[in-house]
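What follows is the content of run-v6.csv, which has CSV, C-alpha atoms and all ligand atoms:
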chain,number,residue,atom,x,y,z
A,258,MET,CA,-21.5,-2.3,-1.0
A,259,ASN,CA,-18.0,-3.7,-1.9
A,260,VAL,CA,-15.5,-1.8,0.2
A,261,ALA,CA,-11.8,-1.4,-0.4
A,262,LEU,CA,-9.3,0.4,1.9
A,263,VAL,CA,-6.2,2.1,0.4
A,264,THR,CA,-3.7,3.3,2.9
A,265,GLY,CA,-1.8,6.4,1.8
A,266,GLY,CA,-4.5,7.0,-0.9
A,267,SER,CA,-4.0,10.8,-0.9
A,268,ARG,CA,-1.1,10.9,-3.4
A,269,GLY,CA,1.0,9.0,-5.9
A,270,ILE,CA,0.5,5.2,-6.2
A,271,GLY,CA,-2.3,5.2,-3.6
A,272,ARG,CA,-4.3,7.7,-5.6
A,273,ALA,CA,-3.9,5.7,-8.8
A,274,VAL,CA,-4.9,2.5,-6.9
A,275,SER,CA,-8.0,4.2,-5.4
A,276,VAL,CA,-9.1,5.3,-8.9
A,277,LYS,CA,-8.5,1.8,-10.3
A,278,LEU,CA,-10.6,0.2,-7.6
A,279,ALA,CA,-13.3,2.8,-8.2
A,280,GLU,CA,-13.3,1.8,-11.8
A,281,MET,CA,-13.8,-1.8,-10.7
A,282,GLY,CA,-16.9,-0.7,-8.7
A,283,TYR,CA,-15.4,-0.5,-5.3
A,284,TYR,CA,-16.5,2.0,-2.6
A,285,VAL,CA,-13.1,3.3,-1.7
A,286,LEU,CA,-11.9,4.3,1.8
A,287,VAL,CA,-9.1,6.7,1.0
A,288,ASN,CA,-6.7,6.9,4.0
A,289,TYR,CA,-4.5,9.8,4.5
A,290,HIS,CA,-2.2,11.2,7.2
A,291,SER,CA,-1.3,14.8,6.5
A,292,SER,CA,-2.6,15.7,3.0
A,293,LYS,CA,-6.3,16.2,3.5
A,294,GLU,CA,-6.7,18.3,0.3
A,295,GLU,CA,-4.9,15.7,-1.8
A,296,ALA,CA,-7.1,13.0,-0.3
A,297,GLU,CA,-10.2,15.1,-1.3
A,298,ILE,CA,-8.8,15.2,-4.9
A,299,THR,CA,-8.5,11.4,-4.9
A,300,LEU,CA,-12.0,11.1,-3.7
A,301,GLN,CA,-13.2,13.4,-6.4
A,302,GLN,CA,-11.5,11.2,-9.0
A,303,VAL,CA,-13.1,8.1,-7.4
A,304,LYS,CA,-16.5,9.8,-7.9
A,305,GLU,CA,-15.7,10.7,-11.5
A,306,LYS,CA,-15.3,7.0,-12.2
A,307,GLY,CA,-19.0,6.6,-11.1
A,308,SER,CA,-18.2,5.1,-7.8
A,309,ASP,CA,-18.1,6.5,-4.3
A,310,GLY,CA,-16.1,6.5,-1.1
A,311,GLU,CA,-14.8,8.6,1.7
A,312,ILE,CA,-11.6,9.9,3.2
A,313,LEU,CA,-10.3,8.5,6.5
A,314,LYS,CA,-7.5,10.1,8.5
A,315,PHE,CA,-5.2,7.9,10.5
A,316,ASP,CA,-1.5,7.4,10.9
A,317,VAL,CA,-0.6,3.8,9.8
A,318,ALA,CA,2.1,3.7,12.3
A,319,SER,CA,-0.4,4.1,15.2
A,320,GLN,CA,-2.3,0.9,16.2
A,321,GLU,CA,-4.6,3.0,18.3
A,322,GLU,CA,-5.6,5.5,15.5
A,323,ILE,CA,-6.1,2.6,13.1
A,324,GLU,CA,-8.3,0.6,15.4
A,325,GLN,CA,-10.3,3.7,16.6
A,326,THR,CA,-10.9,5.0,13.0
A,327,LEU,CA,-11.6,1.7,11.3
A,328,GLY,CA,-13.5,0.3,14.3
A,329,SER,CA,-15.9,3.3,14.3
A,330,TRP,CA,-16.4,3.0,10.6
A,331,LEU,CA,-17.2,-0.7,10.8
A,332,GLU,CA,-19.6,0.0,13.7
A,333,ALA,CA,-21.4,2.6,11.7
A,334,HIS,CA,-21.8,0.1,8.8
A,335,PRO,CA,-23.2,-3.1,10.3
A,336,GLY,CA,-23.2,-6.1,8.0
A,337,ILE,CA,-20.4,-4.6,5.8
A,338,TYR,CA,-16.8,-5.7,5.8
A,339,ILE,CA,-13.7,-4.4,4.0
A,340,ARG,CA,-13.1,-6.9,1.2
A,341,VAL,CA,-9.9,-5.4,-0.2
A,342,VAL,CA,-7.0,-3.8,1.7
A,343,VAL,CA,-4.1,-2.2,-0.1
A,344,ASN,CA,-1.2,-1.5,2.3
A,345,ASN,CA,0.4,1.2,0.3
A,346,ALA,CA,1.3,4.1,2.7
A,347,GLY,CA,5.0,4.4,3.0
A,348,ILE,CA,7.9,6.8,3.6
A,349,ARG,CA,11.7,6.9,3.0
A,350,LYS,CA,14.3,8.4,5.2
A,351,ASP,CA,17.5,7.6,3.4
A,352,ALA,CA,21.0,7.7,5.0
A,353,LEU,CA,24.1,5.5,4.8
A,354,MET,CA,23.7,3.1,7.7
A,355,MET,CA,26.9,4.3,9.3
A,356,TRP,CA,25.3,7.6,9.8
A,357,MET,CA,21.7,6.5,10.3
A,358,LYS,CA,19.9,7.7,13.4
A,359,ASN,CA,17.7,5.4,15.4
A,360,GLU,CA,14.8,7.6,14.7
A,361,GLU,CA,15.3,7.2,10.9
A,362,TRP,CA,15.4,3.5,11.3
A,363,HIS,CA,12.3,3.3,13.6
A,364,ASP,CA,10.1,5.8,11.7
A,365,VAL,CA,10.6,3.9,8.4
A,366,LEU,CA,10.0,0.5,10.1
A,367,ASN,CA,6.9,1.8,11.9
A,368,THR,CA,5.3,3.3,8.8
A,369,ASN,CA,6.3,0.7,6.2
A,370,LEU,CA,6.3,-2.6,8.2
A,371,HIS,CA,4.5,-2.4,11.5
A,372,SER,CA,1.5,-0.7,9.7
A,373,PHE,CA,1.1,-3.9,7.8
A,374,LEU,CA,0.5,-5.8,11.0
A,375,TYR,CA,-1.8,-3.3,12.6
A,376,VAL,CA,-4.1,-2.7,9.6
A,377,THR,CA,-4.2,-6.2,8.3
A,378,ARG,CA,-4.7,-8.0,11.6
A,379,PHE,CA,-7.6,-5.7,12.4
A,380,LEU,CA,-9.4,-6.5,9.2
A,381,ILE,CA,-8.6,-10.1,8.5
A,382,LYS,CA,-11.2,-11.7,10.8
A,383,ASP,CA,-14.1,-10.4,8.7
A,384,MET,CA,-12.4,-11.6,5.5
A,385,LEU,CA,-12.0,-15.1,7.0
A,386,ILE,CA,-15.6,-15.2,8.3
A,387,ASN,CA,-16.9,-14.1,4.8
A,388,LYS,CA,-14.4,-16.5,3.1
A,389,TRP,CA,-13.3,-13.8,0.6
A,390,GLY,CA,-10.6,-11.2,0.8
A,391,ARG,CA,-7.7,-9.6,-0.9
A,392,ILE,CA,-4.7,-8.2,0.9
A,393,ILE,CA,-2.2,-6.4,-1.4
A,394,ASN,CA,1.0,-5.0,-0.1
A,395,VAL,CA,3.0,-2.3,-2.0
A,396,VAL,CA,6.6,-3.2,-1.4
A,397,SER,CA,9.7,-2.2,-3.4
A,398,LEU,CA,12.6,-3.3,-5.5
A,399,SER,CA,14.6,-2.1,-2.5
A,400,GLY,CA,13.1,-4.9,-0.4
A,401,LEU,CA,14.2,-7.5,-2.9
A,402,LYS,CA,17.6,-6.3,-4.0
A,403,GLY,CA,18.6,-3.9,-1.2
A,404,LEU,CA,19.6,-0.4,-2.2
A,405,PRO,CA,22.5,1.6,-0.7
A,406,GLY,CA,21.4,4.4,1.6
A,407,GLN,CA,18.1,2.5,2.3
A,408,ALA,CA,19.0,-0.1,4.9
A,409,ASN,CA,15.9,0.9,6.9
A,410,TYR,CA,13.6,1.0,3.9
A,411,SER,CA,15.0,-2.2,2.4
A,412,ALA,CA,14.6,-4.0,5.8
A,413,ALA,CA,11.0,-2.8,6.1
A,414,LYS,CA,10.0,-3.8,2.6
A,415,ALA,CA,11.8,-7.2,2.9
A,416,GLY,CA,9.9,-7.7,6.1
A,417,VAL,CA,6.6,-7.1,4.4
A,418,ILE,CA,7.6,-9.5,1.7
A,419,GLY,CA,8.3,-12.3,4.2
A,420,ALA,CA,5.1,-11.6,6.1
A,421,THR,CA,3.1,-11.6,2.8
A,422,LYS,CA,4.4,-15.1,2.0
A,423,ALA,CA,3.7,-16.4,5.6
A,424,LEU,CA,0.3,-15.0,5.9
A,425,ALA,CA,-0.7,-16.2,2.4
A,426,GLN,CA,-0.1,-19.8,3.6
A,427,GLU,CA,-2.0,-19.2,6.9
A,428,ILE,CA,-5.2,-18.2,5.2
A,429,ALA,CA,-5.2,-19.6,1.7
A,430,LYS,CA,-7.9,-22.1,2.4
A,431,LYS,CA,-10.3,-19.3,3.3
A,432,ASN,CA,-10.2,-17.7,-0.1
A,433,VAL,CA,-8.3,-14.7,1.2
A,434,THR,CA,-5.2,-14.0,-0.9
A,435,VAL,CA,-2.1,-12.1,0.2
A,436,ASN,CA,0.2,-10.7,-2.5
A,437,ALA,CA,2.8,-8.0,-2.9
A,438,VAL,CA,3.6,-5.6,-5.8
A,439,ALA,CA,7.2,-4.4,-6.0
A,440,PRO,CA,7.6,-1.2,-8.0
A,441,GLY,CA,10.9,0.0,-9.2
A,442,PHE,CA,11.2,3.7,-9.8
A,443,ILE,CA,7.8,5.3,-10.2
A,444,LYS,CA,7.2,9.0,-10.9
A,445,THR,CA,5.6,10.3,-7.6
A,446,ASP,CA,6.5,12.8,-4.8
A,447,MET,CA,8.6,10.0,-3.3
A,448,THR,CA,11.1,10.0,-6.2
A,449,LYS,CA,11.0,13.7,-7.1
A,450,ASP,CA,14.4,14.4,-5.4
A,451,MET,CA,16.1,11.6,-7.3
A,452,ASP,CA,18.3,12.1,-10.4
A,453,GLU,CA,15.9,10.7,-13.0
A,454,ALA,CA,18.2,11.3,-15.9
A,455,GLN,CA,20.9,9.3,-14.3
A,456,LEU,CA,18.7,6.5,-12.9
A,457,LYS,CA,16.7,5.9,-16.0
A,458,ALA,CA,19.9,4.9,-17.9
A,459,MET,CA,19.9,1.8,-15.7
A,460,ILE,CA,16.3,0.9,-16.5
A,461,PRO,CA,15.9,-1.4,-19.5
A,462,MET,CA,12.7,0.5,-20.5
A,463,GLY,CA,14.6,3.8,-20.2
A,464,ARG,CA,12.0,5.6,-18.1
A,465,PHE,CA,10.4,5.8,-14.7
A,466,GLY,CA,7.0,4.1,-14.3
A,467,LYS,CA,3.7,5.7,-13.9
A,468,PRO,CA,1.5,5.2,-10.8
A,469,GLU,CA,-1.2,3.8,-13.1
A,470,GLU,CA,1.1,1.1,-14.2
A,471,VAL,CA,1.4,-0.1,-10.6
A,472,ALA,CA,-2.3,0.3,-10.0
A,473,ALA,CA,-3.1,-2.0,-13.0
A,474,ILE,CA,-1.4,-4.9,-11.2
A,475,VAL,CA,-3.0,-4.1,-7.9
A,476,GLY,CA,-6.4,-4.1,-9.7
A,477,PHE,CA,-5.7,-7.5,-11.1
A,478,LEU,CA,-4.7,-8.9,-7.7
A,479,ALA,CA,-7.9,-7.5,-6.3
A,480,SER,CA,-10.0,-9.0,-9.0
A,481,GLU,CA,-11.8,-12.4,-9.1
A,482,GLU,CA,-9.5,-13.4,-11.9
A,483,ALA,CA,-6.6,-13.5,-9.5
A,484,SER,CA,-8.3,-16.1,-7.3
A,485,TYR,CA,-5.4,-18.7,-7.5
A,486,VAL,CA,-2.6,-16.2,-7.0
A,487,THR,CA,-1.4,-15.9,-3.4
A,488,GLY,CA,2.0,-15.4,-1.7
A,489,ALA,CA,3.3,-13.8,-4.9
A,490,VAL,CA,5.5,-10.8,-5.4
A,491,ILE,CA,5.0,-9.1,-8.7
A,492,ASN,CA,7.7,-6.7,-10.0
A,493,VAL,CA,6.6,-3.6,-11.8
A,494,ASN,CA,10.0,-2.0,-12.7
A,495,GLY,CA,10.6,-1.7,-16.4
A,496,GLY,CA,12.8,-4.7,-16.5
A,497,LEU,CA,15.3,-3.4,-13.9
A,498,TYR,CA,15.3,-6.5,-11.7
A,499,THR,CA,13.9,-10.0,-12.0
B,1,LIG,P1,4.2,9.3,-2.1
B,1,LIG,O1,3.8,10.0,-3.4
B,1,LIG,O2,5.2,10.0,-1.2
B,1,LIG,O3,2.9,9.1,-1.2
B,1,LIG,C1,3.0,8.5,0.0
B,1,LIG,C2,1.6,8.2,0.6
B,1,LIG,O4,1.7,7.6,1.8
B,1,LIG,C3,0.8,9.5,0.8
B,1,LIG,O5,-0.5,9.3,0.4
B,1,LIG,C4,0.9,9.7,2.3
B,1,LIG,O6,-0.2,10.4,2.9
B,1,LIG,C5,1.0,8.3,2.8
B,1,LIG,N1,1.6,8.2,4.1
B,1,LIG,C6,2.9,8.4,4.5
B,1,LIG,N2,3.0,8.2,5.8
B,1,LIG,C7,1.8,7.9,6.3
B,1,LIG,C8,1.3,7.5,7.6
B,1,LIG,N3,2.1,7.5,8.7
B,1,LIG,N4,0.0,7.2,7.7
B,1,LIG,C9,-0.9,7.2,6.6
B,1,LIG,N5,-0.4,7.5,5.4
B,1,LIG,C10,0.9,7.8,5.2
B,1,LIG,O7,4.7,7.8,-2.3
B,1,LIG,P2,4.4,6.8,-3.5
B,1,LIG,O8,5.6,6.8,-4.4
B,1,LIG,O9,3.0,6.9,-4.0
B,1,LIG,O10,4.6,5.4,-2.6
B,1,LIG,C11,3.5,4.6,-2.3
B,1,LIG,C12,4.1,3.3,-1.9
B,1,LIG,O11,4.8,2.7,-2.9
B,1,LIG,C13,5.0,3.3,-0.7
B,1,LIG,O12,4.8,2.2,0.2
B,1,LIG,C14,6.4,3.3,-1.3
B,1,LIG,O13,7.3,2.8,-0.4
B,1,LIG,C15,6.1,2.4,-2.4
B,1,LIG,N6,7.1,2.5,-3.5
B,1,LIG,C16,7.2,3.6,-4.2
B,1,LIG,C17,8.2,3.7,-5.3
B,1,LIG,C18,8.4,4.9,-6.1
B,1,LIG,O14,9.3,4.9,-6.9
B,1,LIG,N7,7.6,5.9,-6.0
B,1,LIG,C19,8.9,2.6,-5.5
B,1,LIG,C20,8.8,1.4,-4.8
B,1,LIG,C21,7.8,1.4,-3.8
B,1,LIG,P3,-0.2,11.9,3.4
B,1,LIG,O15,0.5,12.7,2.4
B,1,LIG,O16,-1.6,12.2,3.6
B,1,LIG,O17,0.6,11.9,4.7
Using structure tokens, write down the structure that the file contains.
Ligand code: NAP
Amino acid sequence: MNVALVTGGSRGIGRAVSVKLAEMGYYVLVNYHSSKEEAEITLQQVKEKGSDGEILKFDVASQEEIEQTLGSWLEAHPGIYIRVVVNNAGIRKDALMMWMKNEEWHDVLNTNLHSFLYVTRFLIKDMLINKWGRIINVVSLSGLKGLPGQANYSAAKAGVIGATKALAQEIAKKNVTVNAVAPGFIKTDMTKDMDEAQLKAMIPMGRFGKPEEVAAIVGFLASEEASYVTGAVINVNGGLYT
């Protein structure tokens, strides 16, 4: 059984990634936090691809919940390890920094950055022992370029980009790759309050991206073909930023 974990697999990009990995034959652990019904829909779509999986509830900002849930899962499946982890769960809480509350800063850092440490560190040992693993982090244009109103989110995503590059070098010799995918504007719940008509005028391709267009790159990075790609950040943004 080849197992992949997708954090925030209940909706948006995480759902498309779960379906892509199912297509590639992975047994998919679909993590969710609050949207159980949506996670069930993702799992259904995974099964429609002829694969299987299960939903796993935990808050990626909680080290305790992560270790309890994933620890119990691994204990119940001796001899199996999680070969692919997609750190995708994320939130935005935008505000101009002058007005930003500590809580808005900390919530975004906890969910988007600290989650990377808690989830990845817990799973990495098995990947190293087995000398094969794929760690794929969903970051953002915001973490490369910085976007006004997103000092918290830009800081978190830039943090994950730095950690991706550092960890990639730490474990490259063990055949465990660590890469990031940086989407621009993608049509999901996260962007539904944005002014699409105005924003798409700035995008060379003249449109928002689809979750499946991000999932395609994640799928490539998870594949055997990407065996010599590590420490990379791949933009998926319709030409908005290079
Ligand atoms: P979305 O549609 O809002 O979905 C967010 C997902 O993250 C949901 O499945 C949600 O699960 C999960 N999540 C949020 N907080 C969580 C927590 N504490 N613990 C576990 N899961 C949690 O967002 P999306 O657009 O698909 O974004 C996915 C990733 O892409 C994020 O990291 C985001 O920053 C990044 N990204 C998105 C865009 C874009 O334009 N959409 C652009 C650049 C980067 P529940 O609903 O179950 O809580």
| If we count only C-alpha atoms, what is near Lys304 in chain A at a cut-off of 10 Å, once residues fewer than 5 positions away on the same chain are taken out, given as a list in words? |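 Residues meeting the cut-off are Val276, Ala279, Glu280, Tyr284, Val285, Ile298, Thr299, Asp309, Gly310 and Glu311 of chain A.
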| task | Enumerate as a PyMOL selection string the residues within 6 Å of ligand LIG 1 (chain B), counting all atoms listed in the file. | result | chain A and resi 264-271+289-292+315-318+345-348+368+395-397+440-448
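Using all atoms listed in the file, the smallest distance between any of A:Ala413, A:Ala429, A:Val435, A:Val490 and His371 in chain A comes from A:Ala413.
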| request: Kindly extract all protein, DNA and RNA residues lying within 12 Å of the coordinates (9.2, 0.3, -11.9) given in the file, considering all atoms listed in the file, and supply them as a VMD selection string. | output: chain A and resid 270 395 to 399 438 to 445 448 456 to 457 459 to 472 474 491 to 499
Selection above as a file: C-alpha atoms, as a compact mmCIF listing (two decimals), in the coordinates of the input:
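Now in part_6.txt:
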# COMPACT_ATOMS: atom_id res chain seq x y z
CA ILE A 270 0.50 5.20 -6.20
CA VAL A 395 3.00 -2.30 -2.00
CA VAL A 396 6.60 -3.20 -1.40
CA SER A 397 9.70 -2.20 -3.40
CA LEU A 398 12.60 -3.30 -5.50
CA SER A 399 14.60 -2.10 -2.50
CA VAL A 438 3.60 -5.60 -5.80
CA ALA A 439 7.20 -4.40 -6.00
CA PRO A 440 7.60 -1.20 -8.00
CA GLY A 441 10.90 0.00 -9.20
CA PHE A 442 11.20 3.70 -9.80
CA ILE A 443 7.80 5.30 -10.20
CA LYS A 444 7.20 9.00 -10.90
CA THR A 445 5.60 10.30 -7.60
CA THR A 448 11.10 10.00 -6.20
CA LEU A 456 18.70 6.50 -12.90
CA LYS A 457 16.70 5.90 -16.00
CA MET A 459 19.90 1.80 -15.70
CA ILE A 460 16.30 0.90 -16.50
CA PRO A 461 15.90 -1.40 -19.50
CA MET A 462 12.70 0.50 -20.50
CA GLY A 463 14.60 3.80 -20.20
CA ARG A 464 12.00 5.60 -18.10
CA PHE A 465 10.40 5.80 -14.70
CA GLY A 466 7.00 4.10 -14.30
CA LYS A 467 3.70 5.70 -13.90
CA PRO A 468 1.50 5.20 -10.80
CA GLU A 469 -1.20 3.80 -13.10
CA GLU A 470 1.10 1.10 -14.20
CA VAL A 471 1.40 -0.10 -10.60
CA ALA A 472 -2.30 0.30 -10.00
CA ILE A 474 -1.40 -4.90 -11.20
CA ILE A 491 5.00 -9.10 -8.70
CA ASN A 492 7.70 -6.70 -10.00
CA VAL A 493 6.60 -3.60 -11.80
CA ASN A 494 10.00 -2.00 -12.70
CA GLY A 495 10.60 -1.70 -16.40
CA GLY A 496 12.80 -4.70 -16.50
CA LEU A 497 15.30 -3.40 -13.90
CA TYR A 498 15.30 -6.50 -11.70
CA THR A 499 13.90 -10.00 -12.00
Show me a table, sorted first by chain and then by increasing residue number, of the residues of range 394-426 of chain A having an atom at most 10 Å from range 358-363 of chain A, each with its shortest atom pair and the distance in Å to one decimal, counting only C-alpha atoms and written as a tab-separated table.
residue	atom	partner	partner_atom	distance
A:Gln407	CA	A:Trp362	CA	9.4
A:Ala408	CA	A:Trp362	CA	8.2
A:Asn409	CA	A:Trp362	CA	5.1
A:Tyr410	CA	A:Trp362	CA	8.0
A:Ala412	CA	A:Trp362	CA	9.3
A:Ala413	CA	A:Trp362	CA	9.3
| said: Using all atoms listed in the file, can you tell me which of A:Glu482, A:Asp383, A:Glu297, A:Glu453 comes closest to Pro335 in chain A? | reply: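 Looking only at the distances to Pro335 in chain A, the closest residue turns out to be A:Asp383.
Distance check against Gly390 in chain A using only C-alpha atoms: of A:Asn288, A:His334, A:Ala261, A:Glu324, the minimum falls on A:Ala261.
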Fix up range 295-315 of chain A with N, CA, C and O atoms, then write it as a tab-separated table (two decimals), in the coordinates of the input.
chain	number	residue	atom	x	y	z
A	295	GLU	N	-5.27	16.73	-0.75
A	295	GLU	CA	-4.90	15.70	-1.80
A	295	GLU	C	-5.87	14.54	-1.71
A	295	GLU	O	-6.27	13.99	-2.74
A	296	ALA	N	-6.22	14.15	-0.48
A	296	ALA	CA	-7.10	13.00	-0.30
A	296	ALA	C	-8.52	13.37	-0.91
A	296	ALA	O	-9.18	12.53	-1.52
A	297	GLU	N	-8.92	14.64	-0.75
A	297	GLU	CA	-10.20	15.10	-1.30
A	297	GLU	C	-10.15	14.99	-2.86
A	297	GLU	O	-11.14	14.65	-3.50
A	298	ILE	N	-8.98	15.31	-3.42
A	298	ILE	CA	-8.80	15.20	-4.90
A	298	ILE	C	-8.96	13.75	-5.33
A	298	ILE	O	-9.64	13.43	-6.31
A	299	THR	N	-8.32	12.85	-4.58
A	299	THR	CA	-8.50	11.40	-4.90
A	299	THR	C	-9.93	11.01	-4.86
A	299	THR	O	-10.43	10.34	-5.78
A	300	LEU	N	-10.63	11.43	-3.81
A	300	LEU	CA	-12.00	11.10	-3.70
A	300	LEU	C	-12.86	11.60	-4.86
A	300	LEU	O	-13.74	10.91	-5.38
A	301	GLN	N	-12.54	12.82	-5.27
A	301	GLN	CA	-13.20	13.40	-6.40
A	301	GLN	C	-13.00	12.51	-7.67
A	301	GLN	O	-13.93	12.24	-8.42
A	302	GLN	N	-11.76	12.05	-7.83
A	302	GLN	CA	-11.50	11.20	-9.00
A	302	GLN	C	-12.17	9.85	-8.90
A	302	GLN	O	-12.57	9.28	-9.91
A	303	VAL	N	-12.32	9.36	-7.67
A	303	VAL	CA	-13.10	8.10	-7.40
A	303	VAL	C	-14.53	8.32	-7.90
A	303	VAL	O	-15.11	7.50	-8.61
A	304	LYS	N	-15.08	9.48	-7.54
A	304	LYS	CA	-16.50	9.80	-7.90
A	304	LYS	C	-16.63	9.96	-9.40
A	304	LYS	O	-17.65	9.58	-9.98
A	305	GLU	N	-15.60	10.53	-10.03
A	305	GLU	CA	-15.70	10.70	-11.50
A	305	GLU	C	-15.70	9.37	-12.23
A	305	GLU	O	-16.10	9.31	-13.38
A	306	LYS	N	-15.27	8.31	-11.55
A	306	LYS	CA	-15.30	7.00	-12.20
A	306	LYS	C	-16.72	6.34	-11.94
A	306	LYS	O	-16.93	5.15	-12.21
A	307	GLY	N	-17.62	7.12	-11.34
A	307	GLY	CA	-19.00	6.60	-11.10
A	307	GLY	C	-19.13	5.82	-9.86
A	307	GLY	O	-20.17	5.22	-9.61
A	308	SER	N	-18.08	5.80	-9.03
A	308	SER	CA	-18.20	5.10	-7.80
A	308	SER	C	-18.26	6.10	-6.61
A	308	SER	O	-18.53	7.28	-6.84
A	309	ASP	N	-18.02	5.62	-5.42
A	309	ASP	CA	-18.10	6.50	-4.30
A	309	ASP	C	-17.08	6.08	-3.23
A	309	ASP	O	-16.42	5.06	-3.39
A	310	GLY	N	-16.99	6.85	-2.16
A	310	GLY	CA	-16.10	6.50	-1.10
A	310	GLY	C	-16.01	7.60	-0.07
A	310	GLY	O	-16.90	8.44	-0.01
A	311	GLU	N	-14.98	7.57	0.75
A	311	GLU	CA	-14.80	8.60	1.70
A	311	GLU	C	-13.34	8.69	2.14
A	311	GLU	O	-12.59	7.74	1.91
A	312	ILE	N	-12.95	9.82	2.73
A	312	ILE	CA	-11.60	9.90	3.20
A	312	ILE	C	-11.53	9.58	4.68
A	312	ILE	O	-12.46	9.89	5.42
A	313	LEU	N	-10.46	8.92	5.08
A	313	LEU	CA	-10.30	8.50	6.50
A	313	LEU	C	-8.91	8.88	6.95
A	313	LEU	O	-7.92	8.38	6.40
A	314	LYS	N	-8.84	9.71	7.98
A	314	LYS	CA	-7.50	10.10	8.50
A	314	LYS	C	-7.04	9.19	9.58
A	314	LYS	O	-7.74	8.98	10.57
A	315	PHE	N	-5.89	8.57	9.38
A	315	PHE	CA	-5.20	7.90	10.50
A	315	PHE	C	-3.73	7.71	10.10
A	315	PHE	O	-3.38	7.68	8.91
